[in-house]
Every structure is written in C-alpha cells, then in structure tokens.
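This report refers to the structure that appears directly beneath it.
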Amino acid sequence: MHILFVHSNAAEVERCLQELDKVHFTVSAEIVVTPEEFSERLGSHAYDLVVAELTSPDWQETQALELLHRSKRQIPLIFVGGILQRETVAEFITRGAYDCIEMGRIGHLPVAVRRALQEKTLREERDRAKNGLGHSEARHLALAGNLSYGICRCDLGGKFLEVNEAMVKMLGYASREELMAVNLASGLIQDRGKRAQLLGQPDQQGSVDPLEIEWERKDHTTLRVRLSGHEVLGEQGQLDAYEIITEDVTKQRQLEDHLREQAARDPLTGLANYRHLAEVLAMEVKRSERTGREFALLLFDVDGLKQINDRYGHLTGSHALCRVADVLSFCRDIDTAARYGGDEFAVVLPETGAEAANQVAQRICDSIANDGMGPLLSVSIGVAVYPHDGERIEALLRKADVAMCAMKAKKRELRNAR
C-alpha cells in the first residue's frame with residue numbers, strides 16, 4: 001500500500017506507521033510538508049491513500065482536500081490531529097474527507113484505512129461496470145456478470161427491460177422475470193429532479209449530489225441504495241433507454257447512524273454528552289428566537305460524590321451517577337437529559353418558564369432522594385430560563401451554575417452549623 005503523508009511531524013507519522021504495521025499492512029510511505037510538494041506528488045505518482053495533518057502552519061484547514069479534488073484523483077483522505085470537535089469532523093467529512101482520527105486514538109487508523117481501501121476498490125469496480133455499459137457487447141457482460149452491484153436497464157417510463165442477478169438477490173426476488181414485473185424505477189425516472197440526480201446532472205447551484213433513496217424488497221423490508229445512471233442512445237442517436245447501477249448502502253448508513261449516536265452519548269450513563277447538550281441548547285435558542293417562547297435549563301450536581309467514592313468505592317460512585325441518570329431518563333420526550341461533566345447533569349426543558357422549571361427540578365430531586373437504593377443520594381440544583389437569565393448559551397450555563405453552587409454552599413453551611 002502506497003500512502004502519501006501530508007504532515008510536519010515525523011514522530012506522529014511514525015506512530016501511524018507503527019499502528020498499520022501491527023495489523024500487518026505493508027506500507028510504502030512518502031511525506032510532504034507544503035501544498036506545493038503535495039500537488040507535485042499527486043501529479044507524478046500513484047497513491048492508495050492520503051493521510052493529512054489536521055492543523056499545520058503551512059496549510060489552510062481543508063486545503064489538502066481542495067488540492068486533491070482539483071487533481072481529479074480518486075484517493076481516500078484521512079485527517080489525523082489532536083482533540084477534534086464533532087462539528088469539525090462532520091464538516092470535513094461532508095467536504096469529502098473519508099475520516100478524521102485523533103492522535104490519542106490512533107489505534108483506530110488501521111480500521112479506517114481498511115474500510116477506505118475496500119470502498120475505493122468497490123468504487124473502481126463500479127466505475128469499470130459503468131464504463132463497460134457504454135458498449136453493447138460489454139453491456140451484456142456487465143449486466144450478467146457483475147456480482148457486487150445491481151445493474152438494470154429500463155425504458156423511458158422506468159419499466160425494467162433487463163436486470164442482473166446481483167440486483168435480483170439484492171431485492172430478494174426469486175427470478176429476473178419476477179423483479180422485472182415490479183416498477184421500482186418508474187418513480188425516479190419520471191421525476192425530473194431525481195432523474196437529473198441519477199444522471200449526475202448539476203442542479204441550479206451547480207452542485208451534483210449522489211442519488212440515495214429507499215427501495216422495498218420483496219419481503220417489504222427496506223434497503224438504502226445509492227444510484228447512478230446514464231442514457232442509452234439508439235442507432236439514430238435518439239434516447240432509447242436508461243441504465244442504472246445500484247449500490248446497497250444500508251449497512252453503511254446504519255453504521256454511520258450508530259457512530260453518530262455513540263458520539264452524542266455519555267458512555268457511562270447513556271445520556272446525551274456535553275457536545276450534544278450544546279447542540280440542543282443552540283437549537284432551542286433558535287427556536288425561542290423564532291417563536292418568542294422561553295425554555296429552561298436545569299443543572300444538577302451530585303452532593304458528596306467524593307465521599308461516596310472514598311467510603312464505598314468507585315464502582316458504587318459510578319452506580320450513583322447511573323442512578324441519577326435513570327431518574328433523568330424519565331423526562332418528557334421533548335426534554336433532553338445530559339451528563340454535563342463529572343458529577344454534574346443537565347436537563348433542557350423546551351417551552352418551560354421559571355415556575356414550572358422549579359417544580360420539575362424539585363420532582364427530580366425528590367425522585368433521586370427516594371429511589372430506594374443505597375447509599376442515599378441528594379443533588380444541588382441550579383435553574384436558568386432563556387432569555388431572562390441570558391441570551392447566550394454561555395451566559396445561561398453560567399447563571400444555572402452559579403445558582404447550583406449557591407445551593408451547594410448553603411447545604412454545606414447547614415451541615416457545619418449542626
């Protein structure tokens with residue numbers, strides 16, 4: 001495997017190579033530092049993969065991606081760097097990066113590399129199949145023999161004229177004839193917008209988005225498919241039919257959804273994590289600006305968690321956090337409960353004012369104190385309401401935190417006075 005590293009730190013490149021060596025990748029590596037070197041190598045050498053440093057003094061944020069796109073080379077690019085914000089990762093992947101990996105988790109690199117190479121191989125196979133469909137004899141061979149992609153030909157109304165065996169199996173039918181009797185493609189062929197996407201034609205903004213839709217199998221389950229196609233011209237040059245290549249991306253999308261879900265969850269409690277909490281707060285601010293309705297933020301701090309850890313052990317302390325999370329998980333469907341950090345939790349209550357928020361906070365406090373398990377738990381609470389207590393997320397969090405700390409200090413004074 002030939003990898004081009006775009007990186008200014010030789011030690012970090014060596015760490016990447018060590019991780020790949022652990023899983024027996026044989027790697028031929030080259031390193032470039034500047035955009036000029038990167039462009040020159042792309043123009044004169046062939047590479048299986050590009051691994052780029054996320055932040056470098058000589059580079060703009062996504063310059064490596066932009067140069068790769070300009071080169072027209074279909075090479076997967078993986079960014080590596082320090083601590084990565086989920087928003088940054090999402091943006092870079094949207095722009096075309098295959099993956100983004102923190103150096104602190106560089107052990108994930110071999111898995112990402114293996115997936116990237118597998119997708120590259122499949123993409124090349126799809127392109128070969130698509131190119132083969134351009135000639136009548138090769139068209140028949142591609143339709144009949146391709147095992148990885150479903151390939152079909154349909155008339156101008158979208159009715160199947162021919163399908164390959166891979167497509168029959170993909171959709172769960174017993175025979176080509178049975179599948180050809182189903183008008184799966186008619187809707188997208190007759191829809192002008194979807195047909196343009198299918199054929200790779202740019203929209204009004206000049207962008208070309210791949211067409212992904214859900215198709216129904218014979219057993220009525222659904223699969224997510226990515227479609228690409230082209231026009232077939234007759235002997236007189238007139239439009240005669242359409243040919244479509246179908247890729248089943250169901251498992252890939254399910255994995256992406258799972259990873260997104262995991263990235264938004266606290267691994268101990270299963271509640272939303274801080275990043276997701278920040279997203280929800282930003283969304284509620286926008287909604288409040290649009291509707292004029294307020295919302296509330298509750299912060300909770302588990303009292304005496306250190307003493308619980310010292311007396312009963314950290315396993316009991318972790319269980320205490322999970323007990324609090326169990327109570328918070330019974331909030332309304334529209335509410336968001338999150339682990340704010342350490343022994344602190346948060347709940348976002350949409351369309352809720354100060355009085356109702358304080359009532360909810362008291363109910364939660366009572367439920368935690370009376371959950372029937374030991375040791376007994378109590379929490380200190382802080383309440384803030386948007387926009388009265390702050391019009392920015394930072395101000396709202398600070399207000400709730402100050403109120404929570406004040407309650408904790410008051411409890412401490414009462415204990416000391418006894």
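Identifiers in this document derive from the order of the structure tokens: chains are assigned A, B, ..., residues are numbered from 1 separately in each chain, and ligands are numbered from 1 in order of occurrence.
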
Using only C-alpha atoms, which protein or nucleic acid residues come within 6 Å of region 19-36 of chain A? Drop anything in the same chain fewer than 6 positions from it, and give the result as a list in words.
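So the residues in contact are Met1, His2, Ile3, Leu4, Phe5, Val6, His7, Ser8 and Pro110 of chain A.
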
Using DSSP secondary structure from the backbone, list all strand (DSSP E or B) positions within region 238-336 of chain A, as a PyMOL selection string.
chain A and resi 239-248+265+272+295-302+336

Each residue of region 225-326 of chain A with at least one atom at most 10 Å from region 155-162 of chain A should appear once, together with its nearest atom pair and the corresponding distance in Å (one decimal); atoms considered: only C-alpha atoms; ordering: chain, then increasing residue number; output as a Markdown table.
```
| residue | atom | partner | partner_atom | distance |
| --- | --- | --- | --- | --- |
| A:Glu231 | CA | A:Leu156 | CA | 9.6 |
| A:Val232 | CA | A:Asp155 | CA | 9.6 |
| A:Leu239 | CA | A:Leu156 | CA | 8.1 |
| A:Asp240 | CA | A:Leu156 | CA | 7.0 |
| A:Ala241 | CA | A:Asp155 | CA | 4.6 |
| A:Tyr242 | CA | A:Asp155 | CA | 6.3 |
| A:Glu243 | CA | A:Asp155 | CA | 8.9 |
```

Keeping only all heavy atoms, write those residues as an mmCIF file, in the first residue's frame.
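again19.cif, written as the output of this step:
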```cif
data_model
loop_
_atom_site.group_PDB
_atom_site.id
_atom_site.type_symbol
_atom_site.label_atom_id
_atom_site.label_comp_id
_atom_site.auth_asym_id
_atom_site.auth_seq_id
_atom_site.Cartn_x
_atom_site.Cartn_y
_atom_site.Cartn_z
ATOM 1 N N GLU A 231 -27.753 7.703 -19.923
ATOM 2 C CA GLU A 231 -28.683 7.492 -21.035
ATOM 3 C C GLU A 231 -28.095 6.507 -22.036
ATOM 4 O O GLU A 231 -26.887 6.465 -22.248
ATOM 5 C CB GLU A 231 -28.967 8.833 -21.729
ATOM 6 C CG GLU A 231 -29.635 9.861 -20.818
ATOM 7 C CD GLU A 231 -29.782 11.214 -21.494
ATOM 8 O OE1 GLU A 231 -29.048 11.450 -22.487
ATOM 9 O OE2 GLU A 231 -30.607 12.022 -21.039
ATOM 10 N N VAL A 232 -28.979 5.715 -22.656
ATOM 11 C CA VAL A 232 -28.583 4.796 -23.733
ATOM 12 C C VAL A 232 -29.217 5.313 -25.018
ATOM 13 O O VAL A 232 -30.436 5.487 -25.089
ATOM 14 C CB VAL A 232 -29.055 3.360 -23.448
ATOM 15 C CG1 VAL A 232 -28.683 2.441 -24.606
ATOM 16 C CG2 VAL A 232 -28.455 2.849 -22.146
ATOM 17 N N LEU A 239 -32.700 9.086 -27.698
ATOM 18 C CA LEU A 239 -32.712 8.478 -26.372
ATOM 19 C C LEU A 239 -33.547 7.214 -26.417
ATOM 20 O O LEU A 239 -34.719 7.233 -26.792
ATOM 21 C CB LEU A 239 -33.285 9.468 -25.345
ATOM 22 C CG LEU A 239 -33.390 8.969 -23.905
ATOM 23 C CD1 LEU A 239 -32.024 8.569 -23.359
ATOM 24 C CD2 LEU A 239 -34.024 10.034 -23.007
ATOM 25 N N ASP A 240 -32.929 6.087 -26.021
ATOM 26 C CA ASP A 240 -33.582 4.798 -26.167
ATOM 27 C C ASP A 240 -33.937 4.167 -24.822
ATOM 28 O O ASP A 240 -34.950 3.492 -24.678
ATOM 29 C CB ASP A 240 -32.658 3.864 -26.944
ATOM 30 C CG ASP A 240 -33.356 2.592 -27.383
ATOM 31 O OD1 ASP A 240 -34.496 2.687 -27.864
ATOM 32 O OD2 ASP A 240 -32.757 1.507 -27.228
ATOM 33 N N ALA A 241 -33.069 4.356 -23.810
ATOM 34 C CA ALA A 241 -33.294 3.722 -22.510
ATOM 35 C C ALA A 241 -32.371 4.366 -21.475
ATOM 36 O O ALA A 241 -31.577 5.258 -21.786
ATOM 37 C CB ALA A 241 -33.027 2.212 -22.607
ATOM 38 N N TYR A 242 -32.513 3.895 -20.219
ATOM 39 C CA TYR A 242 -31.610 4.306 -19.142
ATOM 40 C C TYR A 242 -30.996 3.063 -18.527
ATOM 41 O O TYR A 242 -31.653 2.021 -18.422
ATOM 42 C CB TYR A 242 -32.365 5.074 -18.053
ATOM 43 C CG TYR A 242 -33.000 6.360 -18.509
ATOM 44 C CD1 TYR A 242 -34.359 6.411 -18.809
ATOM 45 C CD2 TYR A 242 -32.253 7.522 -18.642
ATOM 46 C CE1 TYR A 242 -34.952 7.586 -19.222
ATOM 47 C CE2 TYR A 242 -32.832 8.706 -19.061
ATOM 48 C CZ TYR A 242 -34.187 8.735 -19.354
ATOM 49 O OH TYR A 242 -34.758 9.907 -19.771
ATOM 50 N N GLU A 243 -29.731 3.177 -18.145
ATOM 51 C CA GLU A 243 -29.085 2.096 -17.422
ATOM 52 C C GLU A 243 -28.659 2.606 -16.053
ATOM 53 O O GLU A 243 -28.142 3.716 -15.929
ATOM 54 C CB GLU A 243 -27.893 1.541 -18.204
ATOM 55 C CG GLU A 243 -28.371 0.563 -19.270
ATOM 56 C CD GLU A 243 -27.299 0.167 -20.251
ATOM 57 O OE1 GLU A 243 -26.283 0.883 -20.343
ATOM 58 O OE2 GLU A 243 -27.486 -0.848 -20.945
#
```

Under the rule that only C-alpha atoms are counted, which of A:Arg339, A:Arg153, A:His388, A:His45 is the nearest residue to Ala272 (chain A)?
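Among the listed residues, A:Arg339 lies closest to Ala272 (chain A).
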
Can you list, as a PyMOL selection string, every protein, DNA or RNA residue that comes within 6 Å of Val225 (chain A) when you count only C-alpha atoms, leaving out same-chain residues fewer than 3 positions away?
chain A and resi 212-213+247-249

Near Ala400 (chain A), within 6 Å and counting only C-alpha atoms, which residues show up once chain neighbours fewer than 4 positions away are dropped, as an NGL selection string?
:A and (382-384)
